[in-house]
Amino acid sequence: MTAPGPPVPPPRGPLSARLARFAGLAGAVLLTVAGYLGGALPDAPLGATPVSIWRTPDGPATLICWLAGTALLVGAWWSLRGGTPSTRWAYVTAGVWALPLLVAPPLGSRDVYSYACQGWTYAHGVDPYAVGVAAAGCPWLDTVAPIWRDTPAPYGPVFVLLAALAVTLGGGLTGTVVLLRVIAVAGLLLAAICLPGLARAAGVPTRRAAWLALAAPLVGVHLIAGAHNDAVMLGLLLGGMLVAIRRPGWPAALLLAGALLGLAVTVKASAVVVVPFAALAAVRGRHTVRALLRDGGWLGGGLLGAVLVTSAVSGLGFGWVGGLTHSGDSEQWTSPPTAVGFVVDYAGALVGRDPQAVPVVRAVALLLLAGVLVVLWWRAWRALRGLNDARRAARAARAVGVEGARVEDARVDGAWVEVARVDGARVEVACPRVVLHGAALALVATVVLSPVFHPWYATWPLALLALTAVRTTWFVLPVAVAAFLTLPDGTNLARFTKAPGALAMTALLLTVVLLVLRTTHRPGPTRRS
């Protein structure tokens with residue numbers, strides 16, 4: 001017996017879905033056209049502004065195609081956020097939308113050229129964690145954004161190895177970029193394979209989860225066309241979570257799950273916040289401290305082994321850990337802590353002072369993030385411990401021959417779960433949902449409180465939220481807005497809206513904090529019949 005998941009609106013009719021499919025495809029085609037007119041091409045001018053782009057011969061067509069394509073893609077995705085006609089329909093449509101973007105030039109960012117130069121650096125015997133790509137002598141230096149030319153690689157050894165492989169097999173810049181895109185698409189395919197199993201474990205419709213996670217405009221533009229390594233991290237992360245959830249308590253499976261999570265961490269270290277929740281998923285049966293240490297230990301062993309082996313195989317040791325400190329070199333108001341720091345600096349300037357608040361606020365936010373992660377994990381642990389009582393009741397009922405079940409609805413960290421008081425089968429569905437939702441909120445907190453935010457960072461929690469969240473607007477809307485933050489050549493519009501953007505972000509942050517405080521003081525939801 002499988003417990004139903006969170007309430008999901010009925011899917012749109014065939015006509016609405018068909019219109020959305022073709023609107024999104026038209027949007028993807030327009031984005032591809034914009035890419036060839038003025039995308040992040042190797043010879044595109046650096047430091048462009050919206051005005052300078054408009055003044056070029058193809059500028060008006062570039063911006064019109066980009067904005068119209070983004071609007072169509074976002075609108076089509078938004079219109080079916082409650083679910084598509086079927087799971088197959090969601091997968092086919094996401095694939096159709098991806099086809100034009102697969103053959104587009106890099107879009108929305110020049111990071112793929114940084115990847116190429118970091119791979120070239122390692123392939124030519126230079127430590128990418130010790131020097132920037134400029135000092136290493138990368139022949140494609142002119143394609144790299146100036147801010148990243150003197151910065152050591154901020155990624156783990158697995159991705160450096162993959163980038164070096166792309167350089168070796170690609171033979172030149174174009175071949176390297178193509179292979180880096182192939183690697184990103186492979187990561188997305190792994191995520192797509194894992195989604196149905198995770199959806200079944202969480203008791204939610206795969207059609208909704210797949211649509212939200214795979215058809216999002218940020219996925220097509222930044223993970224496919226932009227070839228960002230976040231796609232690889234997400235595929236490995238979802239793979240590790242699926243193995244842990246499907247085979248809790250199995251040492252071999254948990255070693256594999258830990259290894260997949262370790263590989264995700266050695267692509268992008270931000271994946272580490274999911275590991276404590278994966279340890280909860282690894283527990284078989286009752287959630288006790290002893291069981292957590294036993295089963296979580298196997299998962300931790302697999303993770304540690306993957307980190308040690310990849311660090312040793314690369315020959316770079318743990319130099320990549322130091323490279324993480326350079327990821328905050330960029331300052332933009334799209335990061336809430338940075339925006340608050342800007343506002344404090346502006347206020348200080350009004351009274352003739354220069355507080356230099358940005359690094360201070362960022363440090364405070366990281367401390368706050370550590371506290372939030374602990375609280376989220378503790379809440380998930382307490383919820384799972386509470387489900388132990390349901391299992392005990394189920395066993396007692398079976399012992400005396402009682403049939404049927406009495407099920408109570410409970411809201412756990414924002415997600416509805418059905419807690420059995422007799423039928424233990426429903427408990428098995430509640431547990432994965434609690435774990436996945438906790439991991440999703442951990443990634444949300446990481447994105448919100450990190451010193452830097454780029455639009456593609458919003459894809460980190462997207463899949464897990466699609467698997468667990470009851471309401472979708474609160475996370476779908478920011479993802480939709482983030483799709484408009486960049487231009488096809490990688491120009492970030494946040495650079496040109498520093499003061500108003502910082503004020504707006506700070507006001508939004510205060511509003512959200514007040515709403516959360518009000519919500520936490522309300523009485524709990526009434527039980528549904």
# chains A, B, ... in the order shown; residues from 1 in each chain; ligands from 1
call {"tool": "residues_around", "arguments": {"residues": "Ala279 of chain A", "least_positions_apart": "4", "cutoff": "12 Å", "atoms": "only C-alpha atoms", "output": "ChimeraX atom specification"}}
result
/A:240-241,243-245,248-249,254-255,257-258,261,272-275,283-284,287,289,291-303,377,380-381,432,435-436,438-439
call {"tool": "residues_around", "arguments": {"residues": "segment 41-44 of chain A", "least_positions_apart": "2", "cutoff": "10 Å", "atoms": "only C-alpha atoms", "output": "PyMOL selection string"}}
result
chain A and resi 35-39+46-48+105-107+109-110+113+140-144+173-174+488-490
call {"tool": "residues_around", "arguments": {"residues": "segment 500-507 of chain A", "least_positions_apart": "5", "cutoff": "9 Å", "atoms": "only C-alpha atoms", "output": "ChimeraX atom specification"}}
result
/A:332-343,494,512
call {"tool": "write_last_selection", "arguments": {"atoms": "N, CA and C atoms", "output": "PDB file, in the first residue's frame"}}
result
ATOM      1  N   GLN A 332      27.607  40.783  -5.990  1.00  0.00           N
ATOM      2  CA  GLN A 332      26.382  41.170  -6.677  1.00  0.00           C
ATOM      3  C   GLN A 332      25.221  41.118  -5.703  1.00  0.00           C
ATOM      4  N   TRP A 333      24.237  41.980  -5.927  1.00  0.00           N
ATOM      5  CA  TRP A 333      23.103  42.070  -5.013  1.00  0.00           C
ATOM      6  C   TRP A 333      22.201  40.836  -5.070  1.00  0.00           C
ATOM      7  N   THR A 334      22.373  39.960  -6.072  1.00  0.00           N
ATOM      8  CA  THR A 334      21.550  38.756  -6.151  1.00  0.00           C
ATOM      9  C   THR A 334      21.820  37.796  -4.997  1.00  0.00           C
ATOM     10  N   SER A 335      22.940  37.958  -4.304  1.00  0.00           N
ATOM     11  CA  SER A 335      23.185  37.223  -3.058  1.00  0.00           C
ATOM     12  C   SER A 335      22.613  38.045  -1.910  1.00  0.00           C
ATOM     13  N   PRO A 336      21.619  37.535  -1.161  1.00  0.00           N
ATOM     14  CA  PRO A 336      21.026  38.323  -0.083  1.00  0.00           C
ATOM     15  C   PRO A 336      22.033  38.873   0.926  1.00  0.00           C
ATOM     16  N   PRO A 337      23.013  38.082   1.415  1.00  0.00           N
ATOM     17  CA  PRO A 337      23.976  38.676   2.348  1.00  0.00           C
ATOM     18  C   PRO A 337      24.762  39.827   1.726  1.00  0.00           C
ATOM     19  N   THR A 338      25.149  39.678   0.465  1.00  0.00           N
ATOM     20  CA  THR A 338      25.875  40.750  -0.207  1.00  0.00           C
ATOM     21  C   THR A 338      24.993  41.979  -0.357  1.00  0.00           C
ATOM     22  N   ALA A 339      23.715  41.782  -0.686  1.00  0.00           N
ATOM     23  CA  ALA A 339      22.789  42.912  -0.817  1.00  0.00           C
ATOM     24  C   ALA A 339      22.652  43.663   0.500  1.00  0.00           C
ATOM     25  N   VAL A 340      22.530  42.933   1.604  1.00  0.00           N
ATOM     26  CA  VAL A 340      22.431  43.590   2.909  1.00  0.00           C
ATOM     27  C   VAL A 340      23.712  44.367   3.205  1.00  0.00           C
ATOM     28  N   GLY A 341      24.856  43.785   2.874  1.00  0.00           N
ATOM     29  CA  GLY A 341      26.118  44.495   3.062  1.00  0.00           C
ATOM     30  C   GLY A 341      26.175  45.779   2.254  1.00  0.00           C
ATOM     31  N   PHE A 342      25.691  45.730   1.010  1.00  0.00           N
ATOM     32  CA  PHE A 342      25.633  46.945   0.187  1.00  0.00           C
ATOM     33  C   PHE A 342      24.787  48.022   0.854  1.00  0.00           C
ATOM     34  N   VAL A 343      23.614  47.630   1.349  1.00  0.00           N
ATOM     35  CA  VAL A 343      22.703  48.595   1.966  1.00  0.00           C
ATOM     36  C   VAL A 343      23.340  49.222   3.198  1.00  0.00           C
ATOM     37  N   ALA A 494      22.605  42.195 -13.059  1.00  0.00           N
ATOM     38  CA  ALA A 494      22.789  42.671 -11.687  1.00  0.00           C
ATOM     39  C   ALA A 494      23.918  43.694 -11.596  1.00  0.00           C
ATOM     40  N   VAL A 512      10.222  38.399   3.799  1.00  0.00           N
ATOM     41  CA  VAL A 512      10.188  36.944   3.964  1.00  0.00           C
ATOM     42  C   VAL A 512      10.420  36.559   5.426  1.00  0.00           C
TER      43      VAL A 512
END
call {"tool": "residues_around", "arguments": {"residues": "Val182 of chain A", "least_positions_apart": "2", "cutoff": "12 Å", "atoms": "only C-alpha atoms", "output": "ChimeraX atom specification"}}
result
/A:102-103,162-163,165-166,170,175-180,184-189,223-229,231-232
call {"tool": "select_by_dssp", "arguments": {"residues": "segment 347-379 of chain A", "states": "alpha helix (DSSP H)", "output": "list in words"}}
result
Ala347, Gly348, Ala349, Leu350, Ala357, Val358, Pro359, Val360, Val361, Arg362, Ala363, Val364, Ala365, Leu366, Leu367, Leu368, Leu369, Ala370, Gly371, Val372, Leu373, Val374, Val375, Leu376, Trp377, Trp378 and Arg379 of chain A
call {"tool": "residues_around", "arguments": {"residues": "segment 206-209 of chain A", "least_positions_apart": "4", "cutoff": "9 Å", "atoms": "only C-alpha atoms", "output": "list in words"}}
result
Val8, Pro11, Leu80, Arg81, Gly82, Gly83, Thr84, Pro85, Ser86, Thr87, Arg88, Trp89, Ala90, Tyr91, Leu195, Pro196, Gly197, Leu198, Ala199, Arg200, Ala213, Leu214, Ala463, Leu464, Leu465, Ala466, Leu467 and Thr468 of chain A
call {"tool": "residues_around", "arguments": {"residues": "Leu67 of chain A", "least_positions_apart": "4", "cutoff": "8 Å", "atoms": "only C-alpha atoms", "output": "ChimeraX atom specification"}}
result
/A:63,71,484
call {"tool": "residues_around", "arguments": {"residues": "Leu449 of chain A", "least_positions_apart": "2", "cutoff": "7 Å", "atoms": "only C-alpha atoms", "output": "ChimeraX atom specification"}}
result
/A:336-337,365-366,369,445-447,451
call {"tool": "atom_distance", "arguments": {"atom1": "atom CA of Ala192 of chain A", "atom2": "atom CA of Val476 of chain A"}}
result
18.7 Å
call {"tool": "atom_distance", "arguments": {"atom1": "atom CA of Ala483 of chain A", "atom2": "atom CA of Gly75 of chain A"}}
result
11.2 Å
call {"tool": "closest_residue", "arguments": {"among": "A:Glu331, A:Trp474, A:Leu19, A:Ala202", "to": "Ile147 of chain A", "atoms": "only C-alpha atoms"}}
result
A:Glu331
call {"tool": "atom_distance", "arguments": {"atom1": "atom CA of Leu517 of chain A", "atom2": "atom CA of Leu376 of chain A"}}
result
16.0 Å
call {"tool": "closest_residue", "arguments": {"among": "A:Leu238, A:Ala264, A:Leu350, A:Ala34", "to": "Ile53 of chain A", "atoms": "only C-alpha atoms"}}
result
A:Ala34
call {"tool": "closest_residue", "arguments": {"among": "A:Thr62, A:Asn388, A:Thr459, A:Ser79", "to": "Val221 of chain A", "atoms": "only C-alpha atoms"}}
result
A:Thr459
